[in-house]
file data-v4.cif (mmCIF, C-alpha atoms)
data_run
#
loop_
_atom_site.label_atom_id
_atom_site.label_comp_id
_atom_site.auth_asym_id
_atom_site.auth_seq_id
_atom_site.Cartn_x
_atom_site.Cartn_y
_atom_site.Cartn_z
CA MET A 217 86.28 79.60 80.55
CA ILE A 218 86.64 83.38 80.61
CA THR A 219 83.76 85.34 82.07
CA LYS A 220 82.00 87.53 79.53
CA ALA A 221 83.29 91.10 79.76
CA LEU A 222 80.95 93.69 81.24
CA PRO A 223 80.73 97.31 79.99
CA MET A 224 83.73 99.31 81.16
CA ARG A 225 82.04 101.36 83.88
CA LYS A 226 80.09 98.41 85.30
CA ARG A 227 83.20 96.22 85.35
CA PHE A 228 85.06 98.73 87.47
CA ARG A 229 82.19 98.99 89.92
CA PHE A 230 81.81 95.21 90.10
CA ALA A 231 85.49 94.71 90.80
CA VAL A 232 85.41 97.11 93.73
CA ILE A 233 86.98 98.49 91.05
CA SER A 234 88.99 96.48 89.50
CA ALA A 235 115.65 100.07 97.81
CA THR A 236 118.46 101.60 98.46
CA ALA A 237 117.97 98.45 100.39
CA ALA A 238 119.79 95.28 101.32
CA VAL A 239 119.56 92.75 98.53
CA VAL A 240 117.29 89.82 99.25
CA VAL A 241 118.43 86.77 97.33
CA SER A 242 115.81 84.74 95.44
CA ALA A 243 114.71 81.49 97.02
CA PRO A 244 112.71 78.57 95.57
CA TYR A 245 109.19 79.66 94.73
CA ALA A 246 106.32 78.44 96.91
CA SER A 247 102.73 79.30 97.75
CA ALA A 248 101.33 80.74 100.96
CA ALA A 249 98.30 82.66 102.14
CA THR A 250 98.68 86.29 103.14
CA GLY A 251 100.19 86.53 106.60
CA GLN A 252 99.33 88.73 109.54
CA PRO A 253 100.81 92.19 110.14
CA ALA A 254 104.28 92.21 111.67
CA SER A 255 104.65 93.16 115.34
CA GLN A 256 107.05 95.92 114.27
CA PRO A 257 105.65 97.95 111.34
CA ALA A 258 107.46 97.40 108.04
CA VAL A 259 106.02 100.65 106.66
CA THR A 260 105.70 103.72 108.88
CA ARG A 261 104.84 107.43 108.67
CA VAL A 262 102.07 106.88 106.14
CA LYS A 263 100.68 110.15 104.82
CA THR A 264 98.62 111.53 101.95
CA VAL A 265 100.81 113.16 99.29
CA ALA A 266 97.92 114.27 97.09
CA ALA A 267 94.13 114.01 97.37
CA PHE A 268 92.01 113.53 94.24
CA ASP A 269 88.41 114.22 93.26
CA PHE A 270 86.91 110.89 92.24
CA ALA A 271 83.79 112.56 90.83
CA THR A 272 85.83 114.35 88.14
CA GLY A 273 87.49 111.15 86.96
CA ASP A 274 90.59 111.33 89.17
CA VAL A 275 90.67 107.60 89.90
CA PRO A 276 94.37 106.69 90.27
CA GLU A 277 95.19 103.37 88.66
CA ASN A 278 98.95 103.16 88.11
CA ILE A 279 102.16 104.93 89.10
CA THR A 280 105.76 105.35 87.95
CA VAL A 281 108.53 107.20 89.80
CA ALA A 282 110.81 109.49 87.75
CA PRO A 283 114.48 110.21 88.55
CA ASP A 284 113.52 113.66 89.91
CA ASN A 285 111.17 111.93 92.42
CA SER A 286 108.08 113.16 90.60
CA LEU A 287 105.35 110.60 90.00
CA THR A 288 103.46 109.80 86.81
CA VAL A 289 99.95 108.69 87.75
CA SER A 290 97.29 107.20 85.46
CA MET A 291 93.78 108.49 86.20
CA VAL A 292 91.48 105.88 84.74
CA GLY A 293 88.38 108.09 84.64
CA ALA A 294 85.90 105.34 83.69
CA PRO A 295 84.53 104.39 87.15
CA ALA A 296 83.24 107.95 87.54
CA GLY A 297 82.08 108.15 83.93
CA GLU A 298 84.55 110.97 83.30
CA ARG A 299 87.59 111.61 81.11
CA PRO A 300 90.84 109.83 81.99
CA ALA A 301 94.18 111.57 82.31
CA LEU A 302 97.88 111.09 82.76
CA VAL A 303 99.27 113.45 85.41
CA ARG A 304 102.58 114.39 86.99
CA ILE A 305 102.71 114.79 90.77
CA SER A 306 105.72 116.74 92.05
CA PRO A 307 107.44 115.80 95.33
CA SER A 308 105.50 118.65 96.95
CA GLY A 309 102.19 117.28 95.68
CA HIS A 310 101.67 119.79 92.84
CA ARG A 311 99.71 118.31 89.93
CA THR A 312 100.35 118.87 86.21
CA VAL A 313 98.11 117.27 83.58
CA LEU A 314 100.22 115.68 80.85
CA VAL A 315 97.47 114.04 78.79
CA THR A 316 93.68 114.25 78.87
CA GLY A 317 91.82 111.34 77.29
CA ARG A 318 88.36 111.00 75.85
CA LYS A 319 85.28 110.35 77.92
CA GLY A 320 84.46 106.65 77.92
CA ASP A 321 88.11 105.61 77.66
CA GLY A 322 90.48 104.66 80.49
CA VAL A 323 94.18 105.33 81.02
CA THR A 324 95.67 102.32 82.80
CA GLY A 325 99.33 101.20 83.06
CA ASN A 326 102.21 103.59 82.49
CA THR A 327 105.98 103.20 82.33
CA ARG A 328 109.00 105.30 81.49
CA GLY A 329 111.91 104.96 79.07
CA GLN A 330 115.46 105.99 79.97
CA ASP A 331 115.12 109.11 77.79
CA GLY A 332 112.10 110.28 79.78
CA THR A 333 109.49 109.12 77.26
CA ILE A 334 106.27 108.01 78.94
CA TYR A 335 104.36 105.04 77.58
CA TYR A 336 100.80 104.36 78.67
CA ASN A 337 97.82 102.17 77.87
CA VAL A 338 94.49 103.47 76.66
CA TRP A 339 91.54 101.16 77.17
CA SER A 340 88.79 102.04 74.72
CA SER A 341 85.87 100.53 72.80
CA ASP A 342 87.10 102.60 69.84
CA ALA A 343 89.56 100.57 67.74
CA SER A 344 91.32 103.78 66.68
CA ARG A 345 92.33 104.54 70.29
CA ASN A 346 92.64 101.23 72.12
CA GLY A 347 96.31 100.32 72.60
CA VAL A 348 99.71 101.61 73.70
CA TRP A 349 100.51 105.32 73.49
CA LYS A 350 103.69 107.37 73.73
CA LEU A 351 104.46 110.83 75.11
CA ALA A 352 108.02 111.99 74.38
CA PRO A 353 109.50 114.90 76.38
CA GLY A 354 108.15 118.08 74.84
CA GLY A 355 106.09 116.07 72.35
CA THR A 356 102.44 115.26 71.79
CA PRO A 357 100.81 111.91 72.56
CA HIS A 358 100.31 109.38 69.78
CA ARG A 359 99.49 105.70 69.57
CA ILE A 360 102.37 103.35 68.73
CA ALA A 361 100.45 100.05 68.69
CA ALA A 362 96.82 98.99 68.47
CA LEU A 363 95.41 96.29 70.74
CA PRO A 364 92.22 94.27 70.13
CA VAL A 365 89.00 95.88 71.27
CA GLY A 366 87.30 93.72 73.88
CA GLY A 367 90.45 93.26 75.89
CA VAL A 368 91.57 95.39 78.82
CA PRO A 369 95.17 96.60 78.45
CA ASN A 370 96.26 96.99 82.05
CA GLY A 371 99.80 96.62 83.49
CA LEU A 372 102.65 97.93 81.32
CA ALA A 373 106.45 97.60 81.54
CA ILE A 374 109.50 98.23 79.37
CA ASP A 375 112.48 95.88 79.14
CA PRO A 376 115.91 97.15 80.31
CA ALA A 377 117.19 97.37 76.73
CA GLY A 378 114.38 99.77 75.92
CA ARG A 379 113.24 97.78 72.90
CA THR A 380 110.05 96.01 73.99
CA LEU A 381 106.95 96.94 75.98
CA TYR A 382 104.92 94.22 77.68
CA VAL A 383 101.18 94.65 78.30
CA ALA A 384 98.95 92.56 80.58
CA ASP A 385 95.47 92.07 79.10
CA SER A 386 92.97 91.51 81.90
CA GLN A 387 90.26 90.03 79.66
CA LYS A 388 92.15 88.00 77.07
CA GLY A 389 94.55 86.12 79.37
CA THR A 390 97.43 87.48 77.31
CA VAL A 391 100.72 89.32 77.68
CA TRP A 392 101.28 91.41 74.55
CA ALA A 393 104.71 92.45 73.27
CA VAL A 394 104.95 95.84 71.54
CA PRO A 395 108.05 97.31 69.84
CA VAL A 396 109.06 100.56 71.52
CA ALA A 397 109.61 101.98 68.05
CA GLY A 398 105.98 101.20 67.26
CA GLY A 399 104.33 98.55 65.15
CA ARG A 400 102.24 95.45 65.48
CA ALA A 401 101.50 94.00 68.92
CA THR A 402 102.14 90.27 69.18
CA ALA A 403 100.75 87.80 71.70
CA TRP A 404 103.93 87.05 73.67
CA LEU A 405 102.16 84.64 76.01
CA VAL A 406 98.64 83.24 76.20
CA ASP A 407 98.11 80.85 79.10
CA PRO A 408 95.36 79.71 81.50
CA ALA A 409 97.48 81.10 84.37
CA LEU A 410 96.82 84.57 82.94
CA ALA A 411 93.11 84.03 82.32
CA ILE A 412 90.10 84.90 84.43
CA LYS A 413 89.08 82.21 86.89
CA ALA A 414 85.55 81.22 85.89
CA SER A 415 84.19 81.24 89.46
CA ALA A 416 85.88 84.49 90.47
CA PRO A 417 83.65 87.35 91.64
CA VAL A 418 85.95 89.88 89.97
CA PRO A 419 86.30 89.34 86.19
CA TYR A 420 89.91 90.44 85.77
CA GLY A 421 92.78 88.09 84.99
CA ALA A 422 96.34 89.30 84.22
CA ASN A 423 96.53 92.68 85.89
CA GLY A 424 99.77 94.21 87.16
CA LEU A 425 102.98 93.67 85.18
CA ARG A 426 106.67 94.41 85.78
CA PHE A 427 109.88 93.47 83.98
CA HIS A 428 112.38 92.52 86.68
CA ASN A 429 115.59 90.49 86.89
CA GLY A 430 115.25 88.95 83.45
CA ALA A 431 111.60 88.02 83.79
CA VAL A 432 108.12 89.35 83.22
CA TRP A 433 106.15 89.28 86.48
CA VAL A 434 102.35 89.33 86.32
CA SER A 435 99.59 89.38 88.92
CA ASN A 436 96.24 87.67 88.26
CA LEU A 437 93.50 89.40 90.23
CA SER A 438 90.84 86.70 89.80
CA ARG A 439 93.20 83.89 90.86
CA GLY A 440 95.07 85.83 93.58
CA THR A 441 98.43 84.84 92.13
CA LEU A 442 101.80 86.42 91.43
CA LEU A 443 103.63 84.85 88.48
CA ARG A 444 107.21 85.02 87.25
CA ILE A 445 107.88 84.30 83.55
CA PRO A 446 111.57 84.16 82.55
CA VAL A 447 112.49 85.75 79.23
CA THR A 448 114.70 83.33 77.31
CA ALA A 449 117.73 84.27 75.21
CA SER A 450 115.53 84.30 72.13
CA GLY A 451 113.03 86.62 73.81
CA ALA A 452 110.38 83.93 74.17
CA PRO A 453 108.61 83.20 77.46
CA GLY A 454 110.03 80.45 79.67
CA ARG A 455 108.13 78.26 82.12
CA ILE A 456 105.68 80.09 84.36
CA HIS A 457 106.54 80.04 88.08
CA THR A 458 103.80 80.74 90.62
CA VAL A 459 105.64 82.87 93.18
CA ALA A 460 102.65 83.20 95.52
CA ASP A 461 98.92 82.57 95.69
CA GLY A 462 96.23 83.51 98.19
CA LEU A 463 96.70 87.19 97.26
CA THR A 464 93.00 87.98 97.15
CA GLY A 465 92.25 91.03 95.01
CA VAL A 466 95.87 91.52 93.92
CA ASP A 467 96.26 94.49 91.58
CA ASP A 468 99.58 96.05 90.61
CA PHE A 469 102.86 95.69 92.50
CA THR A 470 106.50 96.75 92.65
CA PHE A 471 109.85 95.57 94.02
CA LEU A 472 111.89 96.67 97.02
CA SER A 473 114.83 97.44 94.73
CA GLU A 474 116.18 96.61 91.29
CA ARG A 475 118.06 93.58 92.61
CA SER A 476 115.59 92.40 95.24
CA ASN A 477 112.73 90.01 94.56
CA VAL A 478 110.75 91.26 97.57
CA VAL A 479 107.41 92.57 96.28
CA PHE A 480 104.95 95.16 97.58
CA ALA A 481 101.53 94.13 96.21
CA ALA A 482 98.35 96.22 96.29
CA LEU A 483 95.39 94.06 97.32
CA ASN A 484 92.62 96.20 95.86
CA THR A 485 89.50 94.48 97.16
CA GLN A 486 91.00 93.91 100.61
CA ASN A 487 92.25 97.47 101.26
CA LYS A 488 95.70 96.05 102.02
CA VAL A 489 99.31 96.13 100.88
CA ALA A 490 101.12 92.82 101.30
CA VAL A 491 104.81 92.00 101.05
CA VAL A 492 105.62 88.87 99.06
CA PHE A 493 108.99 87.28 99.85
CA PRO A 494 111.05 85.26 97.36
CA ASP A 495 110.03 81.98 99.04
CA GLY A 496 106.36 82.79 98.39
CA THR A 497 105.40 83.67 101.95
CA THR A 498 103.57 86.94 102.50
CA LYS A 499 102.68 89.37 105.25
CA THR A 500 100.31 92.32 105.42
CA VAL A 501 102.09 95.62 106.01
CA LEU A 502 99.31 98.20 105.47
CA THR A 503 95.51 98.07 105.88
CA ALA A 504 92.46 100.31 105.81
CA SER A 505 93.52 101.57 109.25
CA ASP A 506 96.45 103.23 107.43
CA GLY A 507 94.01 104.99 105.11
CA LEU A 508 94.05 102.51 102.25
CA ALA A 509 91.02 102.83 99.98
CA SER A 510 91.02 100.35 97.06
CA PRO A 511 94.80 100.41 96.53
CA THR A 512 95.61 99.89 92.86
CA ALA A 513 99.41 100.10 92.58
CA THR A 514 102.66 100.61 94.47
CA ALA A 515 106.04 102.16 93.66
CA VAL A 516 109.33 102.42 95.56
CA ARG A 517 111.98 105.12 95.47
CA GLY A 518 114.79 104.69 98.00
CA ASN A 519 113.11 103.99 101.33
CA ARG A 520 109.78 105.50 100.27
CA LEU A 521 106.76 103.41 99.34
CA TYR A 522 104.04 105.08 97.26
CA ILE A 523 100.48 103.76 96.98
CA THR A 524 97.71 104.86 94.63
CA ASP A 525 94.23 104.53 96.15
CA GLY A 526 91.43 104.34 93.59
CA GLY A 527 88.76 105.13 96.20
CA LEU A 528 86.36 102.83 94.38
CA ASN A 529 84.04 102.38 97.36
CA GLU A 530 82.08 105.10 99.12
CA PRO A 531 83.12 107.71 100.17
CA HIS A 532 85.51 107.53 97.15
CA ASP A 533 88.65 108.53 99.03
CA ALA A 534 90.95 108.64 95.99
CA LYS A 535 94.49 109.70 96.82
CA LEU A 536 98.23 109.13 96.60
CA GLN A 537 99.93 107.96 99.80
CA SER A 538 103.53 107.48 100.85
CA GLY A 539 105.23 105.73 103.73
CA ARG A 540 108.72 104.98 105.00
CA ILE A 541 110.00 101.42 104.55
CA ASN A 542 111.45 100.05 107.79
CA LEU A 543 114.06 97.67 106.41
CA ASP A 544 114.94 96.11 109.75
CA ALA A 545 111.32 95.12 110.34
CA LEU A 546 110.78 94.08 106.74
CA LEU A 547 113.85 91.92 106.38
CA SER A 548 113.59 90.38 109.85
CA HIS A 549 111.33 87.90 108.02
#
call {"tool": "encode", "arguments": {"input": "data-v4.cif", "output": "structure tokens"}}
result
Amino acid sequence: MITKALPMRKRFRFAVISATAAVVVSAPYASAATGQPASQPAVTRVKTVAAFDFATGDVPENITVAPDNSLTVSMVGAPAGERPALVRISPSGHRTVLVTGRKGDGVTGNTRGQDGTIYYNVWSSDASRNGVWKLAPGGTPHRIAALPVGGVPNGLAIDPAGRTLYVADSQKGTVWAVPVAGGRATAWLVDPALAIKASAPVPYGANGLRFHNGAVWVSNLSRGTLLRIPVTASGAPGRIHTVADGLTGVDDFTFLSERSNVVFAALNTQNKVAVVFPDGTTKTVLTASDGLASPTATAVRGNRLYITDGGLNEPHDAKLQSGRINLDALLSH
């Protein structure tokens, strides 16, 4: 049974709220609890790329790396009761606002098409705004698909062909499919594995989402799981594989490289980043001692790992961090 949704701002507060690398070949999927930090750090030289003002609504939620190494960051806004935004962060840390949303709404997942078009989710109680939006280079933002009010559109990804967007709905236990060209959203997959665990203290189910190696990957925050859902030849979902569990507070995630199934997962409520290996085992690579403050998402570009910190707890240390991936230490697993 899905927990009744709380008002947007209260839900965020309640939820603490919420490479150029060697290829690692997939192994049979298993389950394992999060491991202990490695004796040799897998991520080093962690620093703050950009600091944000939580009180103004700068609550980073999601991140995408562009070919020029700039970063597109979703500022969800709602936890501070302020307007959300979609911003560009240059490699030097300079900030440019791309989109400013309406107060009371939230900007959540974002992704990027090959032509540079940015797609992003707007979470709103207004049926005229809730859904998937598009910002073409040099264009103005507009909605391409509506999503049902009462859900929480969260993680967002585009398939390699550039035809379909997939959206994780954190309240409805659903992955939505949306045509990139715009149109009606369809429920691609509805399954208990995506739903909120009734006894969970944090009422968010399907959360982060990535399209990777022919499959849709989804994290479930309330169940602490990472799921892999193959996309069949017809485009339908295949059998759900639980890659890992025991990932308490798992938010969004990313992969070591396009061909690797090694995952960097943000564990929001634990102030940790964990690596999930293809066999389902995990190890913690970053903690609060590295400056993590409610990490919401990760991204990789080359040997750089980027982390968005929502700063949901006092003193609201919202920021964007980066670190260097130590492949020898990481792959010694």
call {"tool": "atom_distance", "arguments": {"input": "data-v4.cif", "atom1": "atom CA of Val406 of chain A", "atom2": "atom CA of Thr390 of chain A"}}
result
4.5 Å
call {"tool": "closest_residue", "arguments": {"input": "data-v4.cif", "among": "A:Thr503, A:Thr514, A:Gln486, A:Asn529", "to": "Ala296 of chain A", "atoms": "all atoms listed in the file"}}
result
A:Asn529
call {"tool": "resolve_selection", "arguments": {"input": "data-v4.cif", "expression": "the PyMOL selection byres ((chain A and resi 421) around 8)", "output": "list in words"}}
result
Asp385, Ser386, Gln387, Lys388, Gly389, Leu410, Ala411, Ile412, Lys413, Pro419, Tyr420, Ala422, Asn423, Ser435, Asn436, Leu437, Ser438 and Arg439 of chain A
call {"tool": "atom_distance", "arguments": {"input": "data-v4.cif", "atom1": "atom CA of Gly430 of chain A", "atom2": "atom CA of Asn484 of chain A"}}
result
26.8 Å
call {"tool": "residues_around", "arguments": {"input": "data-v4.cif", "residues": "Ala481 of chain A", "least_positions_apart": "2", "cutoff": "9 Å", "atoms": "all atoms listed in the file", "output": "PyMOL selection string"}}
result
chain A and resi 435+463+466-471+479+483+488-492+512-514
call {"tool": "atom_distance", "arguments": {"input": "data-v4.cif", "atom1": "atom CA of Gly317 of chain A", "atom2": "atom CA of Val432 of chain A"}}
result
28.0 Å
call {"tool": "resolve_selection", "arguments": {"input": "data-v4.cif", "expression": "the PyMOL selection byres ((chain A and resi 393) around 10)", "output": "PyMOL selection string"}}
result
chain A and resi 361+372-374+380-384+390-392+394-396+400-405
call {"tool": "closest_residue", "arguments": {"input": "data-v4.cif", "among": "A:Gly440, A:Gly398, A:Gly325, A:Pro369", "to": "Thr458 of chain A", "atoms": "all atoms listed in the file"}}
result
A:Gly440
call {"tool": "residues_around", "arguments": {"input": "data-v4.cif", "residues": "Thr272 of chain A", "least_positions_apart": "3", "cutoff": "9 Å", "atoms": "all atoms listed in the file", "output": "NGL selection string"}}
result
:A and (268-269 or 275 or 293 or 296-299)
call {"tool": "write_last_selection", "arguments": {"input": "data-v4.cif", "atoms": "C-alpha atoms", "output": "JSON list (two decimals), in the coordinates of the input"}}
result
[["chain", "number", "residue", "atom", "x", "y", "z"],
["A", 268, "PHE", "CA", 92.01, 113.53, 94.24],
["A", 269, "ASP", "CA", 88.41, 114.22, 93.26],
["A", 275, "VAL", "CA", 90.67, 107.60, 89.90],
["A", 293, "GLY", "CA", 88.38, 108.09, 84.64],
["A", 296, "ALA", "CA", 83.24, 107.95, 87.54],
["A", 297, "GLY", "CA", 82.08, 108.15, 83.93],
["A", 298, "GLU", "CA", 84.55, 110.97, 83.30],
["A", 299, "ARG", "CA", 87.59, 111.61, 81.11]]
call {"tool": "closest_residue", "arguments": {"input": "data-v4.cif", "among": "A:Ile456, A:Leu302, A:Gly518, A:Phe427", "to": "Asp407 of chain A", "atoms": "all atoms listed in the file"}}
result
A:Ile456
call {"tool": "resolve_selection", "arguments": {"input": "data-v4.cif", "expression": "the PyMOL selection byres ((chain A and resi 257) around 10)", "output": "ChimeraX atom specification"}}
result
/A:253-256,258-261,500-502,540-546
call {"tool": "closest_residue", "arguments": {"input": "data-v4.cif", "among": "A:Arg328, A:His532, A:Lys263, A:Lys499", "to": "Thr288 of chain A", "atoms": "all atoms listed in the file"}}
result
A:Arg328
call {"tool": "residues_around", "arguments": {"input": "data-v4.cif", "residues": "Asn285 of chain A", "least_positions_apart": "3", "cutoff": "7 Å", "atoms": "only C-alpha atoms", "output": "count of residues only"}}
result
3
call {"tool": "residues_around", "arguments": {"input": "data-v4.cif", "residues": "segment 339-352 of chain A", "least_positions_apart": "4", "cutoff": "8 Å", "atoms": "only C-alpha atoms", "output": "JSON, numbers by chain"}}
result
{"A": [320, 321, 322, 323, 324, 332, 333, 334, 335, 356, 357, 358, 359, 360, 361, 362, 363, 364, 365, 366, 368, 369, 370]}
call {"tool": "closest_residue", "arguments": {"input": "data-v4.cif", "among": "A:Arg475, A:Arg520, A:Arg304, A:Arg379", "to": "His428 of chain A", "atoms": "all atoms listed in the file"}}
result
A:Arg475
call {"tool": "residues_around", "arguments": {"input": "data-v4.cif", "residues": "Gly507 of chain A", "least_positions_apart": "6", "cutoff": "10 Å", "atoms": "all atoms listed in the file", "output": "list in words"}}
result
Val262, Lys263, Thr264, Asn487, Lys488, Asp525, Asp533, Lys535 and Gln537 of chain A
call {"tool": "closest_residue", "arguments": {"input": "data-v4.cif", "among": "A:Ile305, A:Val292, A:Leu443, A:Leu425", "to": "Pro408 of chain A", "atoms": "all atoms listed in the file"}}
result
A:Leu443
